[in-house]
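Shown next, in C-alpha coordinates, is the structure this report addresses.
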Amino acid sequence: MSTSNTTRPPHHVEPVTLARPRGIDQIVAGVSTSDGDGVKLTRVLHQPLQQRLDPYLMLDAFGSDNPGDYIGGFPSHPHRGFETVTYMIAGRMRHRDSAGHEGLLANGGVQWMTAGRGLVHSELPEQEEGLMQGFQLWLNLPAKHKMREPWYRDIQSEEIPELVTPAGVHVRVIAGKSHGIVGAVQREHTEPLYLDLTLPPGTEFAQPLAPDRNALLYVFRESLYIGSSEIPTKRMAILANDPDSDGVMLRAPASNHSPARALLIAGKPLHEPIAQYGPFVMNTREQVTQAVHDFQNGKLG
(Lines give C-alpha, C1' and ligand atoms only; values in the text may rest on other atoms or scores of the structure.)
Protein backbone atom coordinates (compact mmCIF):
# COMPACT_ATOMS: atom_id res chain seq x y z
CA MET A 1 0.00 0.00 0.00
CA SER A 2 1.29 3.43 -0.90
CA THR A 3 0.59 6.55 1.12
CA SER A 4 2.05 8.88 -1.51
CA ASN A 5 0.18 12.08 -2.29
CA THR A 6 -2.22 11.81 -5.20
CA THR A 7 -2.87 15.53 -5.57
CA ARG A 8 0.69 16.69 -6.21
CA PRO A 9 4.01 15.05 -7.06
CA PRO A 10 6.77 14.89 -4.43
CA HIS A 11 9.60 17.40 -4.58
CA HIS A 12 12.87 16.29 -6.15
CA VAL A 13 15.87 17.60 -4.20
CA GLU A 14 19.64 17.81 -4.37
CA PRO A 15 21.82 15.28 -2.49
CA VAL A 16 23.09 16.04 1.02
CA THR A 17 26.73 15.51 2.04
CA LEU A 18 27.73 14.77 5.64
CA ALA A 19 31.23 15.13 7.11
CA ARG A 20 30.75 13.12 10.31
CA PRO A 21 27.57 11.02 10.48
CA ARG A 22 26.41 9.52 13.76
CA GLY A 23 26.79 5.92 14.83
CA ILE A 24 24.50 3.76 16.96
CA ASP A 25 24.36 3.84 20.75
CA GLN A 26 22.11 0.78 21.16
CA ILE A 27 19.47 -1.29 19.37
CA VAL A 28 16.16 -1.90 21.16
CA ALA A 29 13.68 -4.70 20.42
CA GLY A 30 10.65 -3.22 22.19
CA VAL A 31 8.17 -4.95 24.50
CA SER A 32 4.99 -6.72 23.38
CA THR A 33 2.00 -5.48 25.36
CA SER A 34 -1.60 -4.35 25.01
CA ASP A 35 -3.35 -1.08 25.70
CA GLY A 36 -6.80 0.39 25.48
CA ASP A 37 -9.42 -2.36 25.12
CA GLY A 38 -6.88 -5.12 24.41
CA VAL A 39 -5.12 -3.59 21.38
CA LYS A 40 -1.94 -5.58 20.81
CA LEU A 41 1.15 -3.45 20.20
CA THR A 42 4.91 -3.18 20.64
CA ARG A 43 6.13 -0.49 23.05
CA VAL A 44 9.41 0.49 21.42
CA LEU A 45 10.22 3.53 23.55
CA HIS A 46 9.21 3.04 27.17
CA GLN A 47 9.83 4.79 30.49
CA PRO A 48 13.44 3.65 31.14
CA LEU A 49 14.47 5.38 27.88
CA GLN A 50 12.68 8.69 28.43
CA GLN A 51 15.66 10.65 29.72
CA ARG A 52 17.90 9.20 27.02
CA LEU A 53 15.47 10.15 24.23
CA ASP A 54 14.17 13.41 25.78
CA PRO A 55 11.86 15.07 24.61
CA TYR A 56 10.16 11.80 23.56
CA LEU A 57 8.25 9.78 26.13
CA MET A 58 6.85 6.78 24.27
CA LEU A 59 6.65 5.14 20.84
CA ASP A 60 4.12 2.38 20.20
CA ALA A 61 3.94 0.36 16.99
CA PHE A 62 0.77 -1.56 16.23
CA GLY A 63 -0.11 -3.66 13.21
CA SER A 64 -2.34 -6.64 12.59
CA ASP A 65 -4.84 -8.00 10.08
CA ASN A 66 -6.58 -9.92 12.89
CA PRO A 67 -9.55 -7.80 14.04
CA GLY A 68 -9.32 -9.37 17.50
CA ASP A 69 -5.98 -7.58 17.96
CA TYR A 70 -7.42 -4.08 17.45
CA ILE A 71 -11.22 -4.00 17.26
CA GLY A 72 -11.64 -2.75 20.85
CA GLY A 73 -9.57 0.33 20.09
CA PHE A 74 -8.75 2.90 22.75
CA PRO A 75 -11.97 3.91 24.59
CA SER A 76 -12.20 7.19 26.51
CA HIS A 77 -9.08 7.93 28.55
CA PRO A 78 -7.39 11.10 29.89
CA HIS A 79 -4.12 12.88 29.08
CA ARG A 80 -2.27 15.82 30.59
CA GLY A 81 1.12 17.44 30.08
CA PHE A 82 2.32 16.28 26.64
CA GLU A 83 1.45 15.80 22.96
CA THR A 84 0.34 12.65 21.15
CA VAL A 85 1.20 12.06 17.49
CA THR A 86 -0.68 9.19 15.85
CA TYR A 87 0.35 8.13 12.34
CA MET A 88 -1.71 5.60 10.39
CA ILE A 89 -0.24 3.71 7.45
CA ALA A 90 -3.14 1.28 7.10
CA GLY A 91 -6.70 1.31 8.42
CA ARG A 92 -9.02 3.96 9.86
CA MET A 93 -9.37 5.31 13.41
CA ARG A 94 -12.02 7.75 14.67
CA HIS A 95 -10.94 10.35 17.25
CA ARG A 96 -13.25 12.18 19.63
CA ASP A 97 -12.30 14.30 22.65
CA SER A 98 -13.85 16.32 25.44
CA ALA A 99 -12.77 19.61 23.84
CA GLY A 100 -15.20 18.93 20.98
CA HIS A 101 -12.68 17.76 18.40
CA GLU A 102 -13.53 14.87 16.11
CA GLY A 103 -11.73 13.44 13.10
CA LEU A 104 -11.12 10.32 11.04
CA LEU A 105 -7.53 9.17 10.87
CA ALA A 106 -6.99 7.23 7.62
CA ASN A 107 -4.15 5.79 5.52
CA GLY A 108 -1.17 8.13 5.57
CA GLY A 109 -2.77 10.63 7.91
CA VAL A 110 -1.54 12.08 11.22
CA GLN A 111 -3.41 13.20 14.30
CA TRP A 112 -1.43 15.73 16.35
CA MET A 113 -2.97 16.44 19.75
CA THR A 114 -1.67 18.71 22.49
CA ALA A 115 -3.23 17.49 25.74
CA GLY A 116 -1.95 20.48 27.68
CA ARG A 117 -3.89 20.98 30.92
CA GLY A 118 -6.01 17.96 30.15
CA LEU A 119 -8.69 16.30 28.09
CA VAL A 120 -10.40 12.94 27.66
CA HIS A 121 -10.41 11.30 24.25
CA SER A 122 -11.10 8.04 22.44
CA GLU A 123 -9.57 6.40 19.35
CA LEU A 124 -11.78 3.69 17.90
CA PRO A 125 -11.35 1.66 14.68
CA GLU A 126 -13.81 2.38 11.89
CA GLN A 127 -13.38 -1.00 10.23
CA GLU A 128 -14.22 -4.56 11.19
CA GLU A 129 -11.62 -6.39 9.09
CA GLY A 130 -8.40 -5.84 7.18
CA LEU A 131 -4.99 -4.47 8.16
CA MET A 132 -4.70 -1.87 10.91
CA GLN A 133 -1.18 -0.47 11.23
CA GLY A 134 0.34 2.66 12.66
CA PHE A 135 2.33 4.36 15.40
CA GLN A 136 1.72 6.59 18.38
CA LEU A 137 4.47 8.89 19.61
CA TRP A 138 4.37 10.89 22.84
CA LEU A 139 6.21 14.23 22.76
CA ASN A 140 6.82 16.07 26.02
CA LEU A 141 5.84 19.66 26.65
CA PRO A 142 8.09 22.15 28.44
CA ALA A 143 7.07 22.89 32.04
CA LYS A 144 5.71 26.33 31.14
CA HIS A 145 3.34 24.85 28.55
CA LYS A 146 2.09 21.75 30.36
CA MET A 147 -1.10 23.52 31.48
CA ARG A 148 -1.79 25.26 28.17
CA GLU A 149 -5.09 25.05 26.32
CA PRO A 150 -5.55 21.69 24.53
CA TRP A 151 -5.05 21.75 20.75
CA TYR A 152 -5.82 19.28 18.00
CA ARG A 153 -5.17 18.92 14.28
CA ASP A 154 -6.06 16.23 11.77
CA ILE A 155 -3.42 16.15 9.02
CA GLN A 156 -4.65 14.29 5.95
CA SER A 157 -2.19 12.32 3.84
CA GLU A 158 -2.20 14.89 1.02
CA GLU A 159 -1.19 17.64 3.49
CA ILE A 160 2.10 15.94 4.37
CA PRO A 161 4.96 17.26 2.20
CA GLU A 162 6.97 14.61 0.35
CA LEU A 163 10.29 14.53 -1.46
CA VAL A 164 12.36 12.13 -3.52
CA THR A 165 16.16 12.18 -3.38
CA PRO A 166 18.32 11.64 -6.51
CA ALA A 167 18.88 8.05 -5.31
CA GLY A 168 15.13 7.42 -5.28
CA VAL A 169 14.52 7.55 -1.51
CA HIS A 170 10.97 8.69 -0.74
CA VAL A 171 10.52 10.93 2.31
CA ARG A 172 7.32 12.06 4.03
CA VAL A 173 8.08 15.12 6.21
CA ILE A 174 5.58 14.96 9.07
CA ALA A 175 7.46 17.41 11.30
CA GLY A 176 10.65 19.46 11.07
CA LYS A 177 12.53 19.90 7.81
CA SER A 178 14.38 17.63 5.38
CA HIS A 179 16.38 18.68 2.31
CA GLY A 180 14.82 22.14 2.44
CA ILE A 181 11.25 20.81 2.57
CA VAL A 182 9.31 22.03 5.62
CA GLY A 183 7.06 19.47 7.30
CA ALA A 184 3.40 19.64 8.23
CA VAL A 185 4.09 20.56 11.90
CA GLN A 186 6.70 22.70 13.64
CA ARG A 187 7.30 23.11 17.38
CA GLU A 188 9.42 25.90 18.89
CA HIS A 189 10.77 24.31 22.06
CA THR A 190 11.28 20.64 21.15
CA GLU A 191 11.90 21.18 17.41
CA PRO A 192 10.72 17.67 16.46
CA LEU A 193 11.86 15.94 13.29
CA TYR A 194 9.56 13.13 12.15
CA LEU A 195 10.27 11.47 8.79
CA ASP A 196 8.75 8.39 7.16
CA LEU A 197 11.48 7.00 4.87
CA THR A 198 11.24 4.46 2.05
CA LEU A 199 14.64 3.30 0.76
CA PRO A 200 14.84 1.03 -2.30
CA PRO A 201 17.49 -1.74 -2.07
CA GLY A 202 21.04 -0.39 -2.47
CA THR A 203 20.18 3.27 -1.77
CA GLU A 204 21.46 5.71 0.84
CA PHE A 205 19.84 8.62 2.65
CA ALA A 206 21.56 11.46 4.52
CA GLN A 207 19.77 13.71 7.01
CA PRO A 208 21.49 16.63 8.74
CA LEU A 209 20.99 16.67 12.52
CA ALA A 210 22.25 19.19 15.06
CA PRO A 211 24.61 17.42 17.51
CA ASP A 212 22.46 18.30 20.55
CA ARG A 213 19.39 16.48 19.19
CA ASN A 214 18.42 13.10 20.58
CA ALA A 215 17.45 10.78 17.73
CA LEU A 216 16.06 7.32 16.98
CA LEU A 217 15.39 5.19 13.93
CA TYR A 218 12.60 2.60 13.94
CA VAL A 219 12.77 0.12 11.04
CA PHE A 220 9.45 -1.55 10.28
CA ARG A 221 10.09 -3.10 6.85
CA GLU A 222 13.22 -4.96 5.74
CA SER A 223 16.50 -3.74 7.35
CA LEU A 224 18.83 -0.75 7.23
CA TYR A 225 22.46 -0.03 8.04
CA ILE A 226 24.05 2.85 9.91
CA GLY A 227 27.74 2.51 9.25
CA SER A 228 28.59 -1.18 9.63
CA SER A 229 25.70 -1.86 12.05
CA GLU A 230 22.51 -3.48 10.77
CA ILE A 231 19.13 -2.52 12.22
CA PRO A 232 16.76 -5.45 11.59
CA THR A 233 13.06 -5.01 11.00
CA LYS A 234 10.96 -4.10 14.05
CA ARG A 235 13.98 -2.73 15.91
CA MET A 236 14.79 0.77 17.13
CA ALA A 237 18.28 2.20 16.90
CA ILE A 238 19.15 4.96 19.38
CA LEU A 239 21.65 7.19 17.61
CA ALA A 240 24.88 8.08 19.37
CA ASN A 241 25.27 11.64 20.65
CA ASP A 242 28.51 12.82 19.11
CA PRO A 243 29.26 16.55 19.68
CA ASP A 244 31.15 16.65 16.37
CA SER A 245 28.46 14.93 14.28
CA ASP A 246 26.44 16.65 11.58
CA GLY A 247 23.75 14.08 10.77
CA VAL A 248 22.86 10.47 10.06
CA MET A 249 23.53 8.31 6.99
CA LEU A 250 21.26 5.34 6.30
CA ARG A 251 21.86 2.55 3.79
CA ALA A 252 19.45 -0.07 2.50
CA PRO A 253 21.38 -3.26 1.64
CA ALA A 254 21.13 -4.39 -1.97
CA SER A 255 20.10 -7.82 -0.65
CA ASN A 256 16.75 -6.46 0.62
CA HIS A 257 13.87 -8.03 -1.30
CA SER A 258 11.80 -4.84 -1.25
CA PRO A 259 12.18 -1.20 -0.16
CA ALA A 260 13.04 -0.69 3.50
CA ARG A 261 10.80 1.59 5.50
CA ALA A 262 11.62 3.40 8.72
CA LEU A 263 10.75 6.32 10.95
CA LEU A 264 13.53 8.81 11.70
CA ILE A 265 12.64 10.86 14.76
CA ALA A 266 14.73 13.51 16.52
CA GLY A 267 14.18 16.41 18.88
CA LYS A 268 15.73 19.03 21.11
CA PRO A 269 15.87 17.78 24.72
CA LEU A 270 14.07 19.79 27.39
CA HIS A 271 16.40 18.76 30.25
CA GLU A 272 13.51 18.91 32.73
CA PRO A 273 12.35 16.42 35.37
CA ILE A 274 9.84 13.81 34.14
CA ALA A 275 7.13 12.56 36.51
CA GLN A 276 4.74 10.09 34.86
CA TYR A 277 1.76 8.13 36.09
CA GLY A 278 0.02 6.42 33.19
CA PRO A 279 -1.49 9.09 30.91
CA PHE A 280 -0.24 12.03 33.01
CA VAL A 281 3.26 13.42 32.44
CA MET A 282 4.31 16.35 34.60
CA ASN A 283 7.48 17.59 36.31
CA THR A 284 6.76 16.63 39.93
CA ARG A 285 4.84 13.92 41.83
CA GLU A 286 2.64 16.59 43.35
CA GLN A 287 1.58 17.75 39.88
CA VAL A 288 0.79 14.17 38.88
CA THR A 289 -1.27 13.68 42.05
CA GLN A 290 -3.19 16.84 41.19
CA ALA A 291 -3.81 15.53 37.65
CA VAL A 292 -5.27 12.28 39.03
CA HIS A 293 -7.40 14.26 41.48
CA ASP A 294 -8.66 16.56 38.69
CA PHE A 295 -9.57 13.58 36.50
CA GLN A 296 -11.40 11.81 39.32
CA ASN A 297 -13.38 14.99 39.97
CA GLY A 298 -14.32 15.55 36.34
CA LYS A 299 -12.00 18.56 35.82
CA LEU A 300 -10.05 17.20 32.83
CA GLY A 301 -11.92 18.50 29.82
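Labels used: A, B, ... for chains in the order of the C-alpha coordinates, numbers from 1 for residues in each chain, and numbers from 1 for ligands as shown.
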
Check region 4-206 of chain A with DSSP on the backbone and list each residue it calls helix (DSSP H, G or I), as a ChimeraX atom specification.
-> /A:47-49,67-69,143-145,157-159

- Tell me, as an NGL selection string, which residues lie within 8 Å of Pro211 (chain A), counting only C-alpha atoms; anything in the same chain fewer than 3 positions away does not count. :A and (241-247)

Determine, using only C-alpha atoms, which residues of region 224-299 of chain A have any atom at most 10 Å from an atom of region 145-162 of chain A, and tabulate each with its shortest atom pair and distance in Å to one decimal place, rows ordered by chain and then rising number, as a tab-separated table.
residue	atom	partner	partner_atom	distance
A:Val281	CA	A:Lys146	CA	8.7
A:Met282	CA	A:Lys146	CA	7.2
A:Asn283	CA	A:Lys146	CA	9.0

What would the file look like if the residues just selected were written as a PDB file, in the first residue's frame with N, CA, C and O atoms?
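The resulting file, out.pdb, is reproduced below:
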ATOM      1  N   VAL A 281       1.809  13.193  32.429  1.00  0.00           N
ATOM      2  CA  VAL A 281       3.263  13.418  32.435  1.00  0.00           C
ATOM      3  C   VAL A 281       3.519  14.865  32.845  1.00  0.00           C
ATOM      4  O   VAL A 281       3.260  15.801  32.082  1.00  0.00           O
ATOM      5  N   MET A 282       4.042  15.020  34.070  1.00  0.00           N
ATOM      6  CA  MET A 282       4.308  16.346  34.599  1.00  0.00           C
ATOM      7  C   MET A 282       5.780  16.430  35.024  1.00  0.00           C
ATOM      8  O   MET A 282       6.587  15.581  34.630  1.00  0.00           O
ATOM      9  N   ASN A 283       6.103  17.422  35.865  1.00  0.00           N
ATOM     10  CA  ASN A 283       7.483  17.589  36.312  1.00  0.00           C
ATOM     11  C   ASN A 283       7.708  17.144  37.753  1.00  0.00           C
ATOM     12  O   ASN A 283       8.841  16.907  38.153  1.00  0.00           O
TER      13      ASN A 283
END

Practice task
Among the residues of region 59-108 of chain A, find those DSSP assigns to strand (DSSP E or B) from the backbone and print them as a VMD selection string.
Solution key: chain A and resid 59 to 64 74 to 80 82 to 90 93 to 97 102 to 105

Go ahead and save the picked residues with N, CA and C atoms, as an mmCIF file, in the first residue's frame.
data_model
loop_
_atom_site.group_PDB
_atom_site.id
_atom_site.type_symbol
_atom_site.label_atom_id
_atom_site.label_comp_id
_atom_site.auth_asym_id
_atom_site.auth_seq_id
_atom_site.Cartn_x
_atom_site.Cartn_y
_atom_site.Cartn_z
ATOM 1 N N LEU A 59 6.961 5.472 22.229
ATOM 2 C CA LEU A 59 6.650 5.143 20.843
ATOM 3 C C LEU A 59 6.053 3.750 20.819
ATOM 4 N N ASP A 60 4.801 3.658 20.366
ATOM 5 C CA ASP A 60 4.120 2.383 20.200
ATOM 6 C C ASP A 60 3.970 2.089 18.718
ATOM 7 N N ALA A 61 4.192 0.825 18.350
ATOM 8 C CA ALA A 61 3.943 0.358 16.987
ATOM 9 C C ALA A 61 2.858 -0.707 17.059
ATOM 10 N N PHE A 62 1.821 -0.553 16.254
ATOM 11 C CA PHE A 62 0.766 -1.558 16.228
ATOM 12 C C PHE A 62 0.488 -1.945 14.778
ATOM 13 N N GLY A 63 0.173 -3.202 14.558
ATOM 14 C CA GLY A 63 -0.110 -3.660 13.206
ATOM 15 C C GLY A 63 -0.595 -5.091 13.198
ATOM 16 N N SER A 64 -1.786 -5.305 12.662
ATOM 17 C CA SER A 64 -2.342 -6.643 12.591
ATOM 18 C C SER A 64 -3.482 -6.663 11.586
ATOM 19 N N PHE A 74 -9.167 2.201 21.529
ATOM 20 C CA PHE A 74 -8.754 2.900 22.754
ATOM 21 C C PHE A 74 -9.924 3.744 23.240
ATOM 22 N N PRO A 75 -10.809 3.149 24.078
ATOM 23 C CA PRO A 75 -11.966 3.907 24.594
ATOM 24 C C PRO A 75 -11.518 5.115 25.406
ATOM 25 N N SER A 76 -12.484 5.914 25.840
ATOM 26 C CA SER A 76 -12.202 7.189 26.505
ATOM 27 C C SER A 76 -11.165 7.061 27.616
ATOM 28 N N HIS A 77 -10.145 7.920 27.545
ATOM 29 C CA HIS A 77 -9.076 7.933 28.547
ATOM 30 C C HIS A 77 -8.479 9.342 28.596
ATOM 31 N N PRO A 78 -7.878 9.729 29.725
ATOM 32 C CA PRO A 78 -7.388 11.099 29.886
ATOM 33 C C PRO A 78 -5.918 11.247 29.486
ATOM 34 N N HIS A 79 -5.523 12.510 29.261
ATOM 35 C CA HIS A 79 -4.115 12.881 29.078
ATOM 36 C C HIS A 79 -3.895 14.256 29.689
ATOM 37 N N ARG A 80 -2.688 14.486 30.168
ATOM 38 C CA ARG A 80 -2.274 15.824 30.595
ATOM 39 C C ARG A 80 -0.754 15.947 30.480
ATOM 40 N N PHE A 82 1.464 16.644 27.779
ATOM 41 C CA PHE A 82 2.321 16.285 26.635
ATOM 42 C C PHE A 82 1.497 16.277 25.364
ATOM 43 N N GLU A 83 2.123 15.886 24.250
ATOM 44 C CA GLU A 83 1.454 15.798 22.957
ATOM 45 C C GLU A 83 1.456 14.353 22.468
ATOM 46 N N THR A 84 0.386 13.955 21.794
ATOM 47 C CA THR A 84 0.343 12.646 21.153
ATOM 48 C C THR A 84 0.347 12.851 19.640
ATOM 49 N N VAL A 85 1.125 12.016 18.949
ATOM 50 C CA VAL A 85 1.203 12.063 17.491
ATOM 51 C C VAL A 85 0.890 10.655 16.982
ATOM 52 N N THR A 86 -0.259 10.492 16.354
ATOM 53 C CA THR A 86 -0.678 9.188 15.848
ATOM 54 C C THR A 86 -0.590 9.194 14.333
ATOM 55 N N TYR A 87 0.097 8.209 13.785
ATOM 56 C CA TYR A 87 0.353 8.128 12.339
ATOM 57 C C TYR A 87 -0.157 6.783 11.839
ATOM 58 N N MET A 88 -1.130 6.817 10.945
ATOM 59 C CA MET A 88 -1.709 5.595 10.394
ATOM 60 C C MET A 88 -1.124 5.321 9.010
ATOM 61 N N ILE A 89 -0.673 4.085 8.796
ATOM 62 C CA ILE A 89 -0.238 3.714 7.446
ATOM 63 C C ILE A 89 -1.152 2.662 6.833
ATOM 64 N N ALA A 90 -2.106 2.173 7.620
ATOM 65 C CA ALA A 90 -3.144 1.283 7.096
ATOM 66 C C ALA A 90 -4.312 1.286 8.073
ATOM 67 N N MET A 93 -9.129 5.139 11.980
ATOM 68 C CA MET A 93 -9.370 5.308 13.410
ATOM 69 C C MET A 93 -10.114 6.623 13.633
ATOM 70 N N ARG A 94 -11.216 6.558 14.371
ATOM 71 C CA ARG A 94 -12.016 7.746 14.670
ATOM 72 C C ARG A 94 -11.613 8.335 16.012
ATOM 73 N N HIS A 95 -11.328 9.633 16.027
ATOM 74 C CA HIS A 95 -10.935 10.346 17.255
ATOM 75 C C HIS A 95 -12.071 11.249 17.710
ATOM 76 N N ARG A 96 -12.345 11.221 19.014
ATOM 77 C CA ARG A 96 -13.255 12.183 19.634
ATOM 78 C C ARG A 96 -12.652 12.607 20.970
ATOM 79 N N ASP A 97 -12.815 13.884 21.347
ATOM 80 C CA ASP A 97 -12.304 14.296 22.649
ATOM 81 C C ASP A 97 -13.249 15.273 23.331
ATOM 82 N N GLU A 102 -13.243 16.188 16.660
ATOM 83 C CA GLU A 102 -13.526 14.870 16.105
ATOM 84 C C GLU A 102 -12.892 14.781 14.732
ATOM 85 N N GLY A 103 -12.333 13.608 14.414
ATOM 86 C CA GLY A 103 -11.726 13.435 13.099
ATOM 87 C C GLY A 103 -11.513 11.975 12.782
ATOM 88 N N LEU A 104 -11.372 11.683 11.495
ATOM 89 C CA LEU A 104 -11.125 10.323 11.040
ATOM 90 C C LEU A 104 -9.685 10.223 10.553
ATOM 91 N N LEU A 105 -8.925 9.382 11.218
ATOM 92 C CA LEU A 105 -7.526 9.167 10.870
ATOM 93 C C LEU A 105 -7.463 7.994 9.896
#

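Distances to Leu195 (chain A) were evaluated for A:Gly267, A:Pro142, A:Gly30, A:Gly118 using only C-alpha atoms, and the minimum falls at A:Gly267.
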
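Our summary of the geometry notes that CA of Ser258 (chain A) is positioned 11.8 Å from CA of Leu224 (chain A).
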